[in-house]
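One file, entry04.txt, carrying compact mmCIF, C-alpha atoms:
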```txt
# COMPACT_ATOMS: atom_id res chain seq x y z
CA ASN U 15 0.00 0.00 0.00
CA ALA U 16 1.16 3.53 -0.78
CA GLY U 17 -0.72 4.80 2.28
CA VAL U 18 -1.59 8.50 2.15
CA THR U 19 -0.17 10.43 -0.79
CA GLN U 20 -0.19 14.18 -1.34
CA THR U 21 0.58 16.31 -4.37
CA PRO U 22 2.27 18.63 -5.01
CA LYS U 23 5.14 18.47 -2.51
CA PHE U 24 5.84 22.18 -2.83
CA GLN U 25 3.92 25.07 -4.38
CA VAL U 26 4.42 28.81 -4.72
CA LEU U 27 1.34 30.96 -5.32
CA LYS U 28 0.69 34.63 -5.74
CA THR U 29 -1.92 36.32 -3.60
CA GLY U 30 -5.36 35.79 -5.08
CA GLN U 31 -4.54 32.66 -7.05
CA SER U 32 -6.48 29.48 -6.50
CA MET U 33 -5.26 25.93 -6.36
CA THR U 34 -6.17 22.43 -5.23
CA LEU U 35 -4.05 20.29 -2.95
CA GLN U 36 -4.55 16.64 -3.70
CA CYS U 37 -4.80 13.83 -1.16
CA ALA U 38 -5.41 10.15 -1.81
CA GLN U 39 -5.36 7.02 0.32
CA ASP U 40 -5.49 3.37 -0.69
CA MET U 41 -6.40 1.88 2.69
CA ASN U 42 -10.18 2.14 2.21
CA HIS U 43 -10.39 4.47 5.20
CA GLU U 44 -13.68 6.22 5.83
CA TYR U 45 -12.23 9.19 7.73
CA MET U 46 -9.99 11.77 6.05
CA SER U 47 -8.83 15.18 7.18
CA TRP U 48 -6.68 18.19 6.40
CA TYR U 49 -4.40 19.90 8.91
CA ARG U 50 -2.07 22.84 8.60
CA GLN U 51 1.13 23.29 10.56
CA ASP U 52 2.77 26.68 10.90
CA PRO U 53 6.42 27.03 12.00
CA GLY U 54 6.89 26.12 15.65
CA MET U 55 3.22 25.38 16.10
CA GLY U 56 1.06 22.32 16.37
CA LEU U 57 -1.38 20.93 13.87
CA ARG U 58 -4.68 22.69 13.31
CA LEU U 59 -7.62 20.89 11.75
CA ILE U 60 -9.05 22.58 8.65
CA HIS U 61 -11.76 20.20 7.40
CA TYR U 62 -12.54 16.55 7.79
CA SER U 63 -14.77 13.91 6.26
CA VAL U 64 -16.41 10.87 7.83
CA GLY U 65 -17.22 9.26 4.51
CA ALA U 66 -17.90 9.91 0.83
CA GLY U 67 -20.26 12.84 0.45
CA ILE U 68 -19.91 13.97 4.08
CA THR U 69 -17.61 16.77 5.20
CA ASP U 70 -17.41 19.05 8.21
CA GLN U 71 -15.41 22.03 9.35
CA GLY U 72 -12.49 21.88 11.71
CA GLU U 73 -11.05 24.74 13.74
CA VAL U 74 -9.62 26.87 10.88
CA PRO U 75 -11.89 26.33 7.81
CA ASN U 76 -12.03 29.88 6.42
CA GLY U 77 -10.52 30.23 2.95
CA TYR U 78 -10.64 26.51 2.22
CA ASN U 79 -13.18 24.23 0.55
CA VAL U 80 -13.35 20.46 0.45
CA SER U 81 -15.45 17.77 -1.14
CA ARG U 82 -15.41 13.99 -0.89
CA SER U 83 -16.81 12.32 -3.99
CA THR U 84 -14.93 9.04 -3.49
CA THR U 85 -13.57 7.14 -0.51
CA GLU U 86 -10.01 7.46 -1.83
CA ASP U 87 -9.71 11.20 -2.54
CA PHE U 88 -10.10 14.30 -0.41
CA PRO U 89 -8.90 17.45 -2.24
CA LEU U 90 -8.44 20.78 -0.47
CA ARG U 91 -9.18 23.93 -2.47
CA LEU U 92 -7.78 27.35 -1.76
CA LEU U 93 -10.20 29.77 -3.34
CA SER U 94 -8.11 32.97 -3.22
CA ALA U 95 -4.70 32.43 -1.68
CA ALA U 96 -3.46 34.81 1.00
CA PRO U 97 0.00 35.09 2.62
CA SER U 98 -1.57 33.89 5.89
CA GLN U 99 -2.13 30.54 4.20
CA THR U 100 1.60 29.96 3.87
CA SER U 101 2.03 26.72 5.77
CA VAL U 102 2.66 23.01 5.55
CA TYR U 103 -0.51 21.06 4.84
CA PHE U 104 -0.97 17.48 5.97
CA CYS U 105 -3.68 15.09 4.93
CA ALA U 106 -4.57 12.18 7.20
CA SER U 107 -6.86 9.18 7.09
CA SER U 108 -8.19 6.66 9.57
CA SER U 109 -10.46 3.65 9.56
CA GLU U 110 -12.41 4.94 12.54
CA GLY U 111 -12.88 8.25 14.28
CA GLY U 112 -10.39 7.59 17.01
CA GLY U 113 -6.81 8.60 17.46
CA THR U 114 -5.08 6.32 14.98
CA GLN U 115 -4.60 8.62 12.02
CA TYR U 116 -2.14 8.07 9.19
CA PHE U 117 -0.56 11.17 7.71
CA GLY U 118 0.74 11.99 4.27
CA PRO U 119 4.17 13.56 3.64
CA GLY U 120 2.80 17.09 3.42
CA THR U 121 2.53 19.92 0.90
CA ARG U 122 4.61 23.03 1.55
CA LEU U 123 2.76 26.11 0.33
CA LEU U 124 4.25 29.58 0.00
CA VAL U 125 1.91 32.45 -0.84
CA LEU U 126 3.64 35.64 -1.96
CA ASP K 27 -9.42 15.72 26.02
CA ALA K 28 -7.13 15.45 29.04
CA LYS K 29 -4.02 17.60 29.22
CA THR K 30 -0.61 15.92 29.04
CA THR K 31 2.79 16.96 30.37
CA GLN K 32 6.02 15.83 28.73
CA PRO K 33 9.65 16.85 29.20
CA THR K 34 10.79 19.39 26.65
CA SER K 35 13.76 17.40 25.45
CA MET K 36 15.91 14.37 26.11
CA ASP K 37 18.99 12.72 24.70
CA CYS K 38 19.54 9.04 24.15
CA ALA K 39 22.53 6.97 23.10
CA GLU K 40 22.21 4.95 19.93
CA GLY K 41 21.45 1.31 20.66
CA ARG K 42 20.11 2.04 24.12
CA ALA K 43 16.47 2.04 25.19
CA ALA K 44 14.75 5.43 25.19
CA ASN K 45 12.11 5.90 27.90
CA LEU K 46 9.75 8.81 27.25
CA PRO K 47 7.49 9.79 30.15
CA CYS K 48 4.08 11.42 29.94
CA ASN K 49 1.85 12.64 32.75
CA HIS K 50 -1.91 12.71 32.27
CA SER K 51 -3.25 12.97 35.79
CA THR K 52 -6.73 14.14 34.72
CA ILE K 53 -7.36 11.27 32.32
CA SER K 54 -10.89 9.92 32.40
CA GLY K 55 -12.12 6.38 32.01
CA ASN K 56 -12.95 6.54 28.30
CA GLU K 57 -9.72 8.24 27.22
CA TYR K 58 -6.94 6.41 25.44
CA VAL K 59 -3.24 7.27 25.46
CA TYR K 60 -1.77 7.72 21.98
CA TRP K 61 1.81 8.33 20.92
CA TYR K 62 2.89 9.96 17.69
CA ARG K 63 6.20 11.27 16.46
CA GLN K 64 7.19 13.79 13.84
CA ILE K 65 10.55 13.53 12.19
CA HIS K 66 11.76 16.85 10.82
CA SER K 67 9.70 18.05 7.83
CA GLN K 68 7.67 14.85 7.67
CA GLY K 69 4.07 14.07 8.53
CA PRO K 70 3.26 12.84 12.03
CA GLN K 71 3.59 9.10 12.43
CA TYR K 72 1.36 6.99 14.65
CA ILE K 73 3.37 4.81 17.04
CA ILE K 74 1.12 3.07 19.53
CA HIS K 75 -1.89 3.51 21.78
CA GLY K 76 -3.47 1.91 24.82
CA LEU K 77 -6.27 2.18 27.36
CA LYS K 78 -5.00 0.53 30.53
CA ASN K 79 -2.97 -2.53 29.58
CA ASN K 80 0.62 -2.38 28.45
CA GLU K 81 0.99 -2.59 24.69
CA THR K 82 3.81 -3.57 22.35
CA ASN K 83 4.21 -3.42 18.60
CA GLU K 84 7.08 -3.49 16.16
CA MET K 85 8.00 0.11 16.90
CA ALA K 86 7.67 0.53 20.65
CA SER K 87 6.17 -0.49 23.96
CA LEU K 88 3.68 1.51 26.00
CA ILE K 89 3.59 1.14 29.76
CA ILE K 90 0.55 2.68 31.51
CA THR K 91 0.52 2.92 35.31
CA GLU K 92 -2.23 1.16 37.18
CA ASP K 93 -3.93 4.44 38.12
CA ARG K 94 -3.55 5.58 34.47
CA LYS K 95 -2.18 8.94 35.53
CA SER K 96 1.07 8.49 33.63
CA SER K 97 2.64 6.40 30.92
CA THR K 98 6.02 5.66 29.36
CA LEU K 99 6.85 5.07 25.72
CA ILE K 100 9.83 2.77 25.30
CA LEU K 101 11.90 2.63 22.14
CA PRO K 102 13.87 -0.55 22.84
CA HIS K 103 16.93 0.08 20.68
CA ALA K 104 17.08 3.70 19.61
CA THR K 105 18.66 4.54 16.27
CA LEU K 106 19.64 7.86 14.74
CA ARG K 107 16.46 7.68 12.66
CA ASP K 108 14.42 7.83 15.87
CA THR K 109 15.45 11.46 16.36
CA ALA K 110 12.10 13.28 16.31
CA VAL K 111 9.52 15.14 18.35
CA TYR K 112 7.36 12.67 20.27
CA TYR K 113 3.80 13.55 21.21
CA CYS K 114 1.71 11.98 23.94
CA ILE K 115 -2.00 12.52 23.31
CA VAL K 116 -4.92 11.57 25.49
CA ARG K 117 -8.27 11.54 23.78
CA VAL K 118 -11.82 10.36 24.09
CA ALA K 119 -12.71 7.40 21.94
CA TRP K 120 -16.47 7.78 22.25
CA GLY K 121 -19.18 9.79 23.93
CA PRO K 122 -20.55 13.32 23.76
CA SER K 123 -17.12 14.95 24.10
CA TRP K 124 -15.65 13.04 21.17
CA ASP K 125 -13.74 15.21 18.73
CA TYR K 126 -12.03 14.03 15.54
CA LYS K 127 -9.29 16.61 15.88
CA LEU K 128 -5.92 15.42 17.17
CA SER K 129 -4.42 17.99 19.54
CA PHE K 130 -0.64 17.85 19.55
CA GLY K 131 1.05 19.68 22.40
CA ALA K 132 4.69 20.71 22.42
CA GLY K 133 5.96 17.14 22.72
CA THR K 134 9.41 15.88 23.67
CA THR K 135 12.30 16.50 21.31
CA VAL K 136 14.34 13.31 21.37
CA THR K 137 17.88 13.40 20.03
CA VAL K 138 19.61 10.06 19.52
CA ARG K 139 23.39 10.43 19.56
CA ALA K 140 25.94 8.06 18.07
```

Output the file's structure in the form of structure tokens.
Amino acid sequence: NAGVTQTPKFQVLKTGQSMTLQCAQDMNHEYMSWYRQDPGMGLRLIHYSVGAGITDQGEVPNGYNVSRSTTEDFPLRLLSAAPSQTSVYFCASSSEGGGTQYFGPGTRLLVL
Amino acid sequence: DAKTTQPTSMDCAEGRAANLPCNHSTISGNEYVYWYRQIHSQGPQYIIHGLKNNETNEMASLIITEDRKSSTLILPHATLRDTAVYYCIVRVAWGPSWDYKLSFGAGTTVTVRA
């Protein structure tokens, strides 16, 4: 199994541009989520999904959209990038809603 | 979720066992103890979890005290690749206070030295 994969690994955007961060998992996990991690800080939950077609907001959802059309994929869309969204983004998945979450390698985003 | 207290940092000699303590004195009956680590620039990695019994897997062992107020993660033979920040997390597995979000505190920075 590849586990949780994320693309791209690194991205530079200009303020106002939009983009989609991709996340896929091949473990048939129902739960998927997006976190962001700023330098020297912990993870903050952006959005999560408990199954295909079901999503919910985390603690920092503003400026981000998600959808879950398949079990495998959970893309994160930045509608109009802002410098405050410069961060490392991690996608995670789990088979149940507990604490055993498996993380991808991350996408490093720089917004100028 | 219950608050945890971990030492800020610790060093360990390569090949020796690394014992990482965690205090969680306010843990409640339906809360599990989870351990994760984050190697520099990588995504967090799940290590092990337990409720009240000691647990062992291919990566580590978890020792939980009988009163469940503290626990110790043991890396039996530390290698240089085990250098990372280790997080002890206590969280509810079910019930009205359940929250999907994982809350990582400051963790313990473990440096394994040759």

Give me, as a tab-separated table, each residue of chain U that comes within 6 Å of chain K, together with its shortest interatomic pair and the distance in Å at one decimal, counting only C-alpha atoms, with rows ordered by chain and rising residue number.
```
residue	atom	partner	partner_atom	distance
U:Gly56	CA	K:Phe130	CA	5.7
U:Gly111	CA	K:Tyr126	CA	6.0
U:Gly112	CA	K:Ala119	CA	5.5
U:Phe117	CA	K:Gly69	CA	5.5
U:Gly118	CA	K:Gly69	CA	5.8
U:Pro119	CA	K:Gly69	CA	4.9
```

Residue subset to file, keeping C-alpha atoms, as a short mmCIF file (atom, residue, chain, number, x, y, z; two decimals), in the coordinates of the input:
```cif
data_model
loop_
_atom_site.label_atom_id
_atom_site.label_comp_id
_atom_site.auth_asym_id
_atom_site.auth_seq_id
_atom_site.Cartn_x
_atom_site.Cartn_y
_atom_site.Cartn_z
CA GLY U 56 1.06 22.32 16.37
CA GLY U 111 -12.88 8.25 14.28
CA GLY U 112 -10.39 7.59 17.01
CA PHE U 117 -0.56 11.17 7.71
CA GLY U 118 0.74 11.99 4.27
CA PRO U 119 4.17 13.56 3.64
#
```

Taking only residues of range 25-77 of chain U that have an atom at most 8 Å from an atom of range 94-107 of chain U, what is each one's shortest atom pair and its distance in Å to one decimal, using only C-alpha atoms, in chain and number order, as CSV?
```
residue,atom,partner,partner_atom,distance
U:Leu27,CA,U:Ala95,CA,7.2
U:Lys28,CA,U:Ala95,CA,7.1
U:Thr29,CA,U:Ala96,CA,5.1
U:Gly30,CA,U:Ser94,CA,4.4
U:Gln31,CA,U:Ser94,CA,5.2
U:Ser32,CA,U:Ser94,CA,5.1
U:Cys37,CA,U:Cys105,CA,6.3
U:Gln39,CA,U:Ser107,CA,7.3
U:His43,CA,U:Ser107,CA,6.2
U:Glu44,CA,U:Ser107,CA,7.5
U:Tyr45,CA,U:Ser107,CA,5.4
U:Met46,CA,U:Ser107,CA,4.2
U:Ser47,CA,U:Ala106,CA,5.2
U:Trp48,CA,U:Cys105,CA,4.6
U:Tyr49,CA,U:Phe104,CA,5.1
U:Arg50,CA,U:Tyr103,CA,4.4
U:Gln51,CA,U:Val102,CA,5.2
U:Asp52,CA,U:Ser101,CA,5.2
U:Pro53,CA,U:Ser101,CA,7.6
U:Gly77,CA,U:Ser94,CA,7.2
```

When you look at Gln36 in chain U with a cut-off of 7 Å (counting all atoms listed in the file), what residues show up, excluding the ones that are within fewer than 6 positions of it in the same chain? I need them as a short mmCIF file (atom, residue, chain, number, x, y, z; two decimals) with C-alpha atoms, keeping the file's coordinate frame.
```cif
data_model
loop_
_atom_site.label_atom_id
_atom_site.label_comp_id
_atom_site.auth_asym_id
_atom_site.auth_seq_id
_atom_site.Cartn_x
_atom_site.Cartn_y
_atom_site.Cartn_z
CA GLN U 20 -0.19 14.18 -1.34
CA THR U 21 0.58 16.31 -4.37
CA PHE U 88 -10.10 14.30 -0.41
CA PRO U 89 -8.90 17.45 -2.24
CA LEU U 90 -8.44 20.78 -0.47
#
```

Distance criterion (all atoms listed in the file): nearest to Pro33 in chain K out of K:Ile90, K:Ile65, K:Val136, K:Leu77: K:Val136

Given only C-alpha atoms as the counted atoms, nearest of K:Glu81, K:Pro47, K:Gly76, K:Cys38 to Ser97 in chain K: K:Pro47

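In this comparison, which uses all atoms listed in the file, the residue of U:Thr34, U:Ser63, U:Gln115, U:Thr121 approaching Thr19 in chain U most closely is U:Thr121.
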
Thr135 in chain K environment, 8 Å, all atoms listed in the file, sequence neighbours closer than 2 positions dropped, as JSON, numbers by chain: {"K": [34, 35, 36, 109, 110, 111, 112, 133, 137]}

Store the residues picked out above, limited to C-alpha atoms, as a PDB file, in the frame of the given file.
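Resulting contents of selection_39.pdb:
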```
ATOM      1  CA  THR K  34      10.790  19.390  26.650  1.00  0.00           C
ATOM      2  CA  SER K  35      13.760  17.400  25.450  1.00  0.00           C
ATOM      3  CA  MET K  36      15.910  14.370  26.110  1.00  0.00           C
ATOM      4  CA  THR K 109      15.450  11.460  16.360  1.00  0.00           C
ATOM      5  CA  ALA K 110      12.100  13.280  16.310  1.00  0.00           C
ATOM      6  CA  VAL K 111       9.520  15.140  18.350  1.00  0.00           C
ATOM      7  CA  TYR K 112       7.360  12.670  20.270  1.00  0.00           C
ATOM      8  CA  GLY K 133       5.960  17.140  22.720  1.00  0.00           C
ATOM      9  CA  THR K 137      17.880  13.400  20.030  1.00  0.00           C
TER      10      THR K 137
END
```

Please list as a PDB file with C-alpha atoms, in the coordinates of the input every residue within 7 Å of Met33 in chain U, counting all atoms listed in the file and excluding residues in the same chain fewer than 4 positions away.
```
ATOM      1  CA  ARG U  91      -9.180  23.930  -2.470  1.00  0.00           C
ATOM      2  CA  LEU U  92      -7.780  27.350  -1.760  1.00  0.00           C
ATOM      3  CA  LEU U  93     -10.200  29.770  -3.340  1.00  0.00           C
TER       4      LEU U  93
END
```

Long-range neighbours of Ala39 in chain K as number ranges by chain, 12 Å cut-off, all atoms listed in the file, 5 positions minimum in chain: K: 44-45, 101-106, 108-109, 136-140

Atom-to-atom span, CA of Asn42 in chain U and CA of Gly120 in chain U, Å: 19.8 Å

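Note that CA of Thr114 in chain U and CA of Leu46 in chain K are 19.4 Å apart.
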
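One distance worth recording is that between CA of Tyr113 in chain K and CA of Asp40 in chain U, which is 25.9 Å.
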
With 6 Å of padding per side, what axis-aligned box (centre and edge lengths, Å, one decimal) covers all the listed atoms of range 60-73 of chain U? Give it as JSON.
```
{"center_x": -14.7, "center_y": 17.0, "center_z": 7.1, "size_x": 23.2, "size_y": 27.5, "size_z": 25.3}
```

Selected residue, from U:Leu57, U:Leu35, U:Ser109, U:Ala66, that lies nearest to Asn79 in chain U when counting only C-alpha atoms: U:Leu35
